[in-house]
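The next block is structure.cif, given as mmCIF, C-alpha atoms.
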```cif
data_final
loop_
_atom_site.label_atom_id
_atom_site.label_comp_id
_atom_site.auth_asym_id
_atom_site.auth_seq_id
_atom_site.Cartn_x
_atom_site.Cartn_y
_atom_site.Cartn_z
CA PRO A 1 -147.73 65.01 15.60
CA GLY A 2 -151.14 63.62 16.55
CA THR A 3 -150.38 63.92 20.27
CA LEU A 4 -149.12 67.48 19.84
CA THR A 5 -152.27 68.46 17.99
CA GLU A 6 -154.40 66.94 20.74
CA VAL A 7 -152.47 68.71 23.51
CA GLU A 8 -152.61 72.05 21.70
CA GLY A 9 -156.33 71.71 21.00
CA THR A 10 -157.09 70.82 24.63
CA LEU A 11 -155.06 73.74 25.99
CA GLN A 12 -156.59 76.24 23.60
CA GLN A 13 -160.08 75.07 24.53
CA LEU A 14 -159.36 75.26 28.27
CA ILE A 15 -157.81 78.73 28.02
CA LEU A 16 -160.69 80.07 25.93
CA GLU A 17 -163.33 78.57 28.21
CA TYR A 18 -161.84 79.33 31.59
CA GLY A 19 -159.16 81.99 31.18
CA SER A 20 -161.61 84.92 31.23
CA GLN A 21 -163.38 83.57 34.32
CA ILE A 22 -160.46 84.27 36.65
CA LYS A 23 -161.76 87.53 38.14
CA GLY A 24 -161.62 87.19 41.92
CA PRO A 25 -158.77 86.28 44.29
CA VAL A 26 -157.50 82.83 43.37
CA SER A 27 -154.84 80.93 45.31
CA LEU A 28 -152.54 78.51 43.57
CA ASP A 29 -154.15 75.73 45.61
CA ALA A 30 -157.53 76.58 44.12
CA ALA A 31 -156.08 77.05 40.65
CA ARG A 32 -154.39 73.69 40.84
CA THR A 33 -157.72 71.90 41.17
CA ALA A 34 -159.42 73.91 38.41
CA PRO A 35 -159.72 72.08 35.08
CA GLN A 36 -157.66 74.60 33.11
CA CYS A 37 -154.68 74.35 35.45
CA ARG A 38 -155.06 70.71 36.48
CA TYR A 39 -154.28 69.61 32.93
CA LEU A 40 -150.92 71.40 33.08
CA LEU A 41 -149.95 70.47 36.62
CA THR A 42 -151.16 66.89 37.09
CA ASP A 43 -148.23 65.32 35.29
CA GLN A 44 -144.69 66.63 35.14
CA ARG A 45 -144.17 64.67 31.93
CA ARG A 46 -146.31 67.13 29.94
CA MET A 47 -144.12 70.18 30.60
CA ALA A 48 -140.89 68.15 30.44
CA ALA A 49 -141.89 66.67 27.07
CA LEU A 50 -142.84 70.11 25.79
CA GLU A 51 -139.45 71.51 26.80
CA LYS A 52 -137.66 68.66 24.96
CA LEU A 53 -139.75 69.20 21.85
CA LEU A 54 -138.94 72.92 21.89
CA ALA A 55 -135.23 72.12 22.07
CA LYS A 56 -135.40 69.53 19.30
CA ALA A 57 -137.53 71.74 17.06
CA ARG A 58 -134.65 74.21 16.81
CA GLY A 59 -132.36 71.56 15.31
CA ARG A 60 -131.65 70.66 11.70
CA ASP A 61 -133.91 67.60 11.77
CA PHE A 62 -136.95 69.85 12.13
CA VAL A 63 -135.98 72.43 9.52
CA ALA A 64 -138.99 71.46 7.38
CA LEU A 65 -141.43 72.17 10.21
CA VAL A 66 -141.41 75.93 9.77
CA ARG A 67 -144.24 76.68 12.21
CA GLY A 68 -143.40 73.92 14.69
CA PRO A 69 -141.14 75.83 17.12
CA SER A 70 -143.38 78.89 17.23
CA LEU A 71 -146.50 76.78 17.83
CA LEU A 72 -144.82 74.88 20.65
CA GLN A 73 -143.49 78.07 22.24
CA GLY A 74 -146.91 79.68 21.99
CA LEU A 75 -148.48 76.67 23.68
CA LYS A 76 -146.00 76.85 26.55
CA THR A 77 -146.46 80.62 26.93
CA LYS A 78 -150.26 80.35 27.07
CA GLY A 79 -150.06 77.79 29.84
CA GLU A 80 -147.58 79.83 31.88
CA GLU A 81 -149.56 83.06 31.52
CA LEU A 82 -152.71 81.31 32.70
CA LEU A 83 -150.97 80.13 35.87
CA LEU A 84 -149.36 83.53 36.47
CA ASP A 85 -152.74 85.23 36.13
CA ALA A 86 -154.18 82.91 38.78
CA ALA A 87 -151.32 83.70 41.17
CA LEU A 88 -151.47 87.48 40.62
CA VAL A 89 -155.20 88.19 40.68
CA LEU A 90 -155.14 89.26 44.34
CA VAL A 91 -152.03 91.42 43.89
CA LYS A 92 -153.54 93.22 40.90
CA ARG A 93 -156.78 93.84 42.77
CA LEU A 94 -154.96 95.29 45.80
CA LEU A 95 -152.82 97.57 43.62
CA ALA A 96 -155.65 98.78 41.37
CA ASN A 97 -156.72 101.69 43.59
CA VAL A 98 -153.33 102.55 45.09
CA PRO A 99 -152.56 105.50 42.73
CA ARG A 100 -155.87 107.14 43.71
CA MET A 101 -155.32 106.95 47.48
CA ARG A 102 -155.47 110.39 49.12
CA VAL A 103 -152.63 109.62 51.50
CA TRP A 104 -150.02 110.29 48.81
CA ASN A 105 -150.94 113.95 48.42
CA ASP A 106 -152.10 114.71 51.96
CA LYS A 107 -151.02 118.31 52.54
CA THR A 108 -152.56 118.59 56.02
CA LYS A 109 -149.44 116.99 57.47
CA SER A 110 -145.88 118.12 57.01
CA ALA A 111 -142.94 115.75 57.08
CA ALA A 112 -142.16 117.07 60.56
CA HIS A 113 -145.56 115.87 61.80
CA LEU A 114 -144.93 112.35 60.49
CA PRO A 115 -141.45 111.03 61.32
CA ALA A 116 -140.48 107.93 59.40
CA PHE A 117 -140.28 105.71 62.50
CA SER A 118 -143.96 106.39 63.28
CA CYS A 119 -145.17 105.06 59.91
CA SER A 120 -146.60 101.60 59.43
CA PRO A 121 -147.13 99.88 56.09
CA LEU A 122 -150.62 100.40 54.69
CA PRO A 123 -153.06 97.42 54.50
CA TYR A 124 -152.66 96.94 50.75
CA VAL A 125 -148.94 96.20 51.13
CA THR A 126 -149.27 93.94 54.19
CA GLN A 127 -151.95 91.89 52.40
CA ILE A 128 -149.67 91.46 49.39
CA ALA A 129 -146.90 90.34 51.74
CA GLU A 130 -149.19 87.78 53.39
CA HIS A 131 -150.15 86.45 49.95
CA LEU A 132 -146.49 86.16 48.92
CA PHE A 133 -145.57 84.30 52.11
CA LEU A 134 -148.09 81.59 51.21
CA LEU A 135 -146.60 80.98 47.77
CA PRO A 136 -143.69 78.68 48.78
CA ASP A 137 -146.07 76.25 50.50
CA GLN A 138 -148.55 76.41 47.64
CA LEU A 139 -145.80 75.72 45.12
CA ASP A 140 -144.25 72.92 47.18
CA PRO A 141 -145.55 69.57 45.86
CA SER A 142 -144.97 67.90 49.24
CA HIS A 143 -147.42 70.37 50.76
CA ASN A 144 -150.18 68.50 48.94
CA GLU A 145 -149.15 64.93 49.72
CA ASP A 146 -152.53 64.25 51.31
CA ARG A 147 -154.26 65.03 48.00
CA ASP A 148 -155.15 62.43 45.45
CA SER A 149 -151.93 61.54 43.65
CA THR A 150 -153.55 62.42 40.32
CA LEU A 151 -153.58 66.07 41.40
CA SER A 152 -149.90 66.24 42.30
CA PRO A 153 -148.12 68.88 40.19
CA MET A 154 -144.89 66.92 40.22
CA THR A 155 -145.65 63.30 39.35
CA PRO A 156 -142.27 61.60 39.85
CA LEU A 157 -140.38 60.68 36.72
CA GLU A 158 -138.70 57.27 36.50
CA GLY A 159 -135.19 57.55 37.88
CA ASP A 160 -135.63 61.25 38.61
CA ASP A 161 -134.52 63.01 41.78
CA THR A 162 -137.95 64.23 42.82
CA GLY A 163 -136.53 66.41 45.60
CA SER A 164 -134.38 68.35 43.16
CA ALA A 165 -137.20 68.50 40.61
CA ALA A 166 -139.63 69.83 43.22
CA ALA A 167 -137.13 72.46 44.40
CA ALA A 168 -136.44 73.56 40.83
CA PHE A 169 -140.16 73.75 40.10
CA MET A 170 -140.82 75.91 43.17
CA GLU A 171 -137.81 78.17 42.58
CA ASN A 172 -138.70 78.70 38.94
CA TRP A 173 -142.32 79.67 39.57
CA LEU A 174 -141.55 81.70 42.69
CA SER A 175 -139.09 83.74 40.65
CA LYS A 176 -141.62 84.31 37.87
CA ILE A 177 -144.42 85.35 40.24
CA THR A 178 -142.34 87.62 42.51
CA GLY A 179 -140.62 89.18 39.50
CA ARG A 180 -144.02 90.06 38.09
CA VAL A 181 -145.03 91.56 41.48
CA VAL A 182 -141.94 93.81 41.36
CA THR A 183 -142.97 95.08 37.91
CA LEU A 184 -146.60 95.61 38.93
CA TYR A 185 -145.63 97.58 42.05
CA PHE A 186 -143.04 99.63 40.16
CA ASN A 187 -145.62 100.68 37.56
CA THR A 188 -148.21 101.38 40.27
CA ILE A 189 -145.86 103.83 41.99
CA LEU A 190 -145.25 105.65 38.70
CA ALA A 191 -149.03 106.03 38.30
CA ILE A 192 -149.38 108.04 41.53
CA PRO A 193 -150.29 111.59 40.39
CA ALA A 194 -148.64 113.60 43.17
CA LEU A 195 -146.57 113.12 46.33
CA SER A 196 -146.61 115.42 49.33
CA PRO A 197 -143.78 115.26 51.92
CA SER A 198 -145.90 113.05 54.19
CA GLY A 199 -146.88 110.95 51.18
CA GLN A 200 -143.19 110.40 50.43
CA ILE A 201 -142.62 109.04 53.94
CA GLN A 202 -145.61 106.72 53.75
CA LEU A 203 -144.70 105.44 50.30
CA SER A 204 -141.09 104.89 51.34
CA THR A 205 -142.30 102.84 54.32
CA ASP A 206 -144.51 100.72 52.07
CA MET A 207 -141.73 100.20 49.53
CA GLN A 208 -139.20 99.24 52.19
CA TYR A 209 -141.60 96.72 53.72
CA LEU A 210 -142.55 95.01 50.45
CA SER A 211 -138.99 95.09 49.11
CA SER A 212 -137.73 93.24 52.20
CA ILE A 213 -140.35 90.50 51.68
CA LEU A 214 -139.56 90.21 47.98
CA ASP A 215 -135.84 90.09 48.73
CA ARG A 216 -136.33 87.20 51.16
CA LEU A 217 -138.22 85.33 48.43
CA GLY A 218 -135.43 85.94 45.92
CA ALA A 219 -137.43 88.19 43.58
CA PRO A 220 -135.56 89.32 40.46
CA GLY A 221 -135.47 92.97 39.36
CA LEU A 222 -135.39 94.52 42.83
CA GLN A 223 -132.59 96.90 41.85
CA ASN A 224 -134.97 99.12 39.88
CA LEU A 225 -137.45 99.22 42.77
CA GLN A 226 -134.64 100.17 45.17
CA GLN A 227 -133.44 102.93 42.84
CA LEU A 228 -137.00 104.21 42.60
CA GLN A 229 -137.16 104.32 46.39
CA VAL A 230 -134.10 106.58 46.42
CA LEU A 231 -136.03 109.09 44.29
CA VAL A 232 -139.12 108.78 46.46
CA GLU A 233 -137.12 109.49 49.62
CA ALA A 234 -135.04 112.35 48.21
CA HIS A 235 -135.66 115.77 49.75
CA ALA A 236 -136.86 118.43 47.30
CA ASN A 237 -133.44 120.14 47.31
CA ASP A 238 -131.63 116.82 46.82
CA PHE A 239 -133.88 115.43 44.09
CA PRO A 240 -131.97 116.91 41.11
CA GLN A 241 -128.73 115.27 42.26
CA ALA A 242 -130.51 111.97 43.03
CA ALA A 243 -132.06 112.04 39.57
CA ALA A 244 -128.69 112.75 37.95
CA ASN A 245 -127.12 109.77 39.75
CA SER A 246 -130.00 107.41 38.99
CA GLN A 247 -129.63 104.61 36.47
CA LEU A 248 -133.37 104.47 35.83
CA GLU A 249 -134.83 105.33 32.43
CA ARG A 250 -135.33 109.01 31.68
CA ASP A 251 -139.11 108.71 31.42
CA VAL A 252 -139.22 107.12 34.90
CA ILE A 253 -137.19 109.98 36.39
CA ASP A 254 -139.38 112.54 34.64
CA SER A 255 -142.50 110.85 36.01
CA MET A 256 -141.13 111.02 39.57
CA SER A 257 -140.19 114.65 39.05
CA ARG A 258 -143.75 115.51 37.98
CA GLN A 259 -145.09 113.88 41.15
CA ARG A 260 -143.12 116.43 43.19
CA THR A 261 -144.26 119.51 41.30
CA ARG A 262 -148.04 118.97 41.42
#
```
Transcribe the structure of this file into structure tokens.
Amino acid sequence: PGTLTEVEGTLQQLILEYGSQIKGPVSLDAARTAPQCRYLLTDQRRMAALEKLLAKARGRDFVALVRGPSLLQGLKTKGEELLLDAALVLVKRLLANVPRMRVWNDKTKSAAHLPAFSCSPLPYVTQIAEHLFLLPDQLDPSHNEDRDSTLSPMTPLEGDDTGSAAAAFMENWLSKITGRVVTLYFNTILAIPALSPSGQIQLSTDMQYLSSILDRLGAPGLQNLQQLQVLVEAHANDFPQAAANSQLERDVIDSMSRQRTR
């Protein structure tokens, strides 16, 4: 109990002191050396012990500790959210102004003037892709072997298969980060006020490009983004049928429909 209290107090202090300071682009490499993240990543034992405590706290032996499981889960969630924020700062910054870009409702060009094969992804989406391509290396503990061993995010456990542990660590966090990118991009598209025919072609090109990168990285939740792309690409006359066949939520379909009518 004393150790748990100390760990919780330290994490709360670090999150309160440093969490609000993450404002600019931050790579996972930089976040790893920052005090608030170093505490979580310097020793695999901390997260492994926390996971075991969470599992045990749900058993009968801990029935008297009413607040124990919720406190432990809250501690784990705070740490994970802090690391996710560090990994997604650049993505959020690049997506912030996307709904207001004039290209989406450019009525000076018709679809005939802008065939799909002539479109290239816009800079915001290529920069996100470049950022995502760096994540596997940044999450790979062996990528930082030249660092001081005290900064290694995967300090080997006695008798543990460090290769498997490292792979599981990277896969777990890559899935969390890319899954969050899918959600952020999905919501950004819904926030676009209006789409002209040429805007549809450009947005479809951007979506196809980023979706292919996310798919290669094994991002979860791509099905919804792909279904949204079907609505984006649908011709005005075909949109009602595409909407009827879509498995997306009704409010999402209505939002896409309003983009076409403005």
Using all atoms listed in the file, which of the listed residues (A:Thr205, A:Asn172, A:Ser198, A:Thr183) sits closest to His235 of chain A?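 Nearest to His235 of chain A: A:Ser198.
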Name the closest residue to Val252 of chain A among the candidates A:Ser164, A:Asn237, A:Asn187, A:Thr126; distances are taken between atoms, counting only C-alpha atoms.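 Using only C-alpha atoms, Val252 of chain A sits closest to A:Asn187.
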Could you jot down the atom CA of Leu139 of chain A to atom CA of Gly79 of chain A separation for me, Å, one decimal place?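 Computed distance, atom CA of Leu139 of chain A to atom CA of Gly79 of chain A, equals 16.0 Å.
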Hey, which of A:Gln208, A:Ser175, A:Gln229, A:Gln259 ends up closest to Ser246 of chain A? Count all atoms listed in the file.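 Closest residue, counting all atoms listed in the file: A:Gln229.
For the residues A:Arg258, A:Lys92, A:Lys78, A:Arg180, ranking by smallest atom-to-atom distance to Ile128 of chain A using all atoms listed in the file places A:Lys92 first.
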Report the distance between atom CA of Gln202 of chain A and atom CA of Leu132 of chain A in Å, rounded to one decimal place. 21.1 Å
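Counting from atom CA of Thr261 of chain A, the distance to atom CA of Leu195 of chain A is 8.5 Å.
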With all atoms listed in the file as the basis for distance, which of A:Leu174, A:Leu210, A:Val181, A:Ala167 is at the shortest distance from Pro123 of chain A?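 Result for the nearest residue to Pro123 of chain A: A:Leu210.
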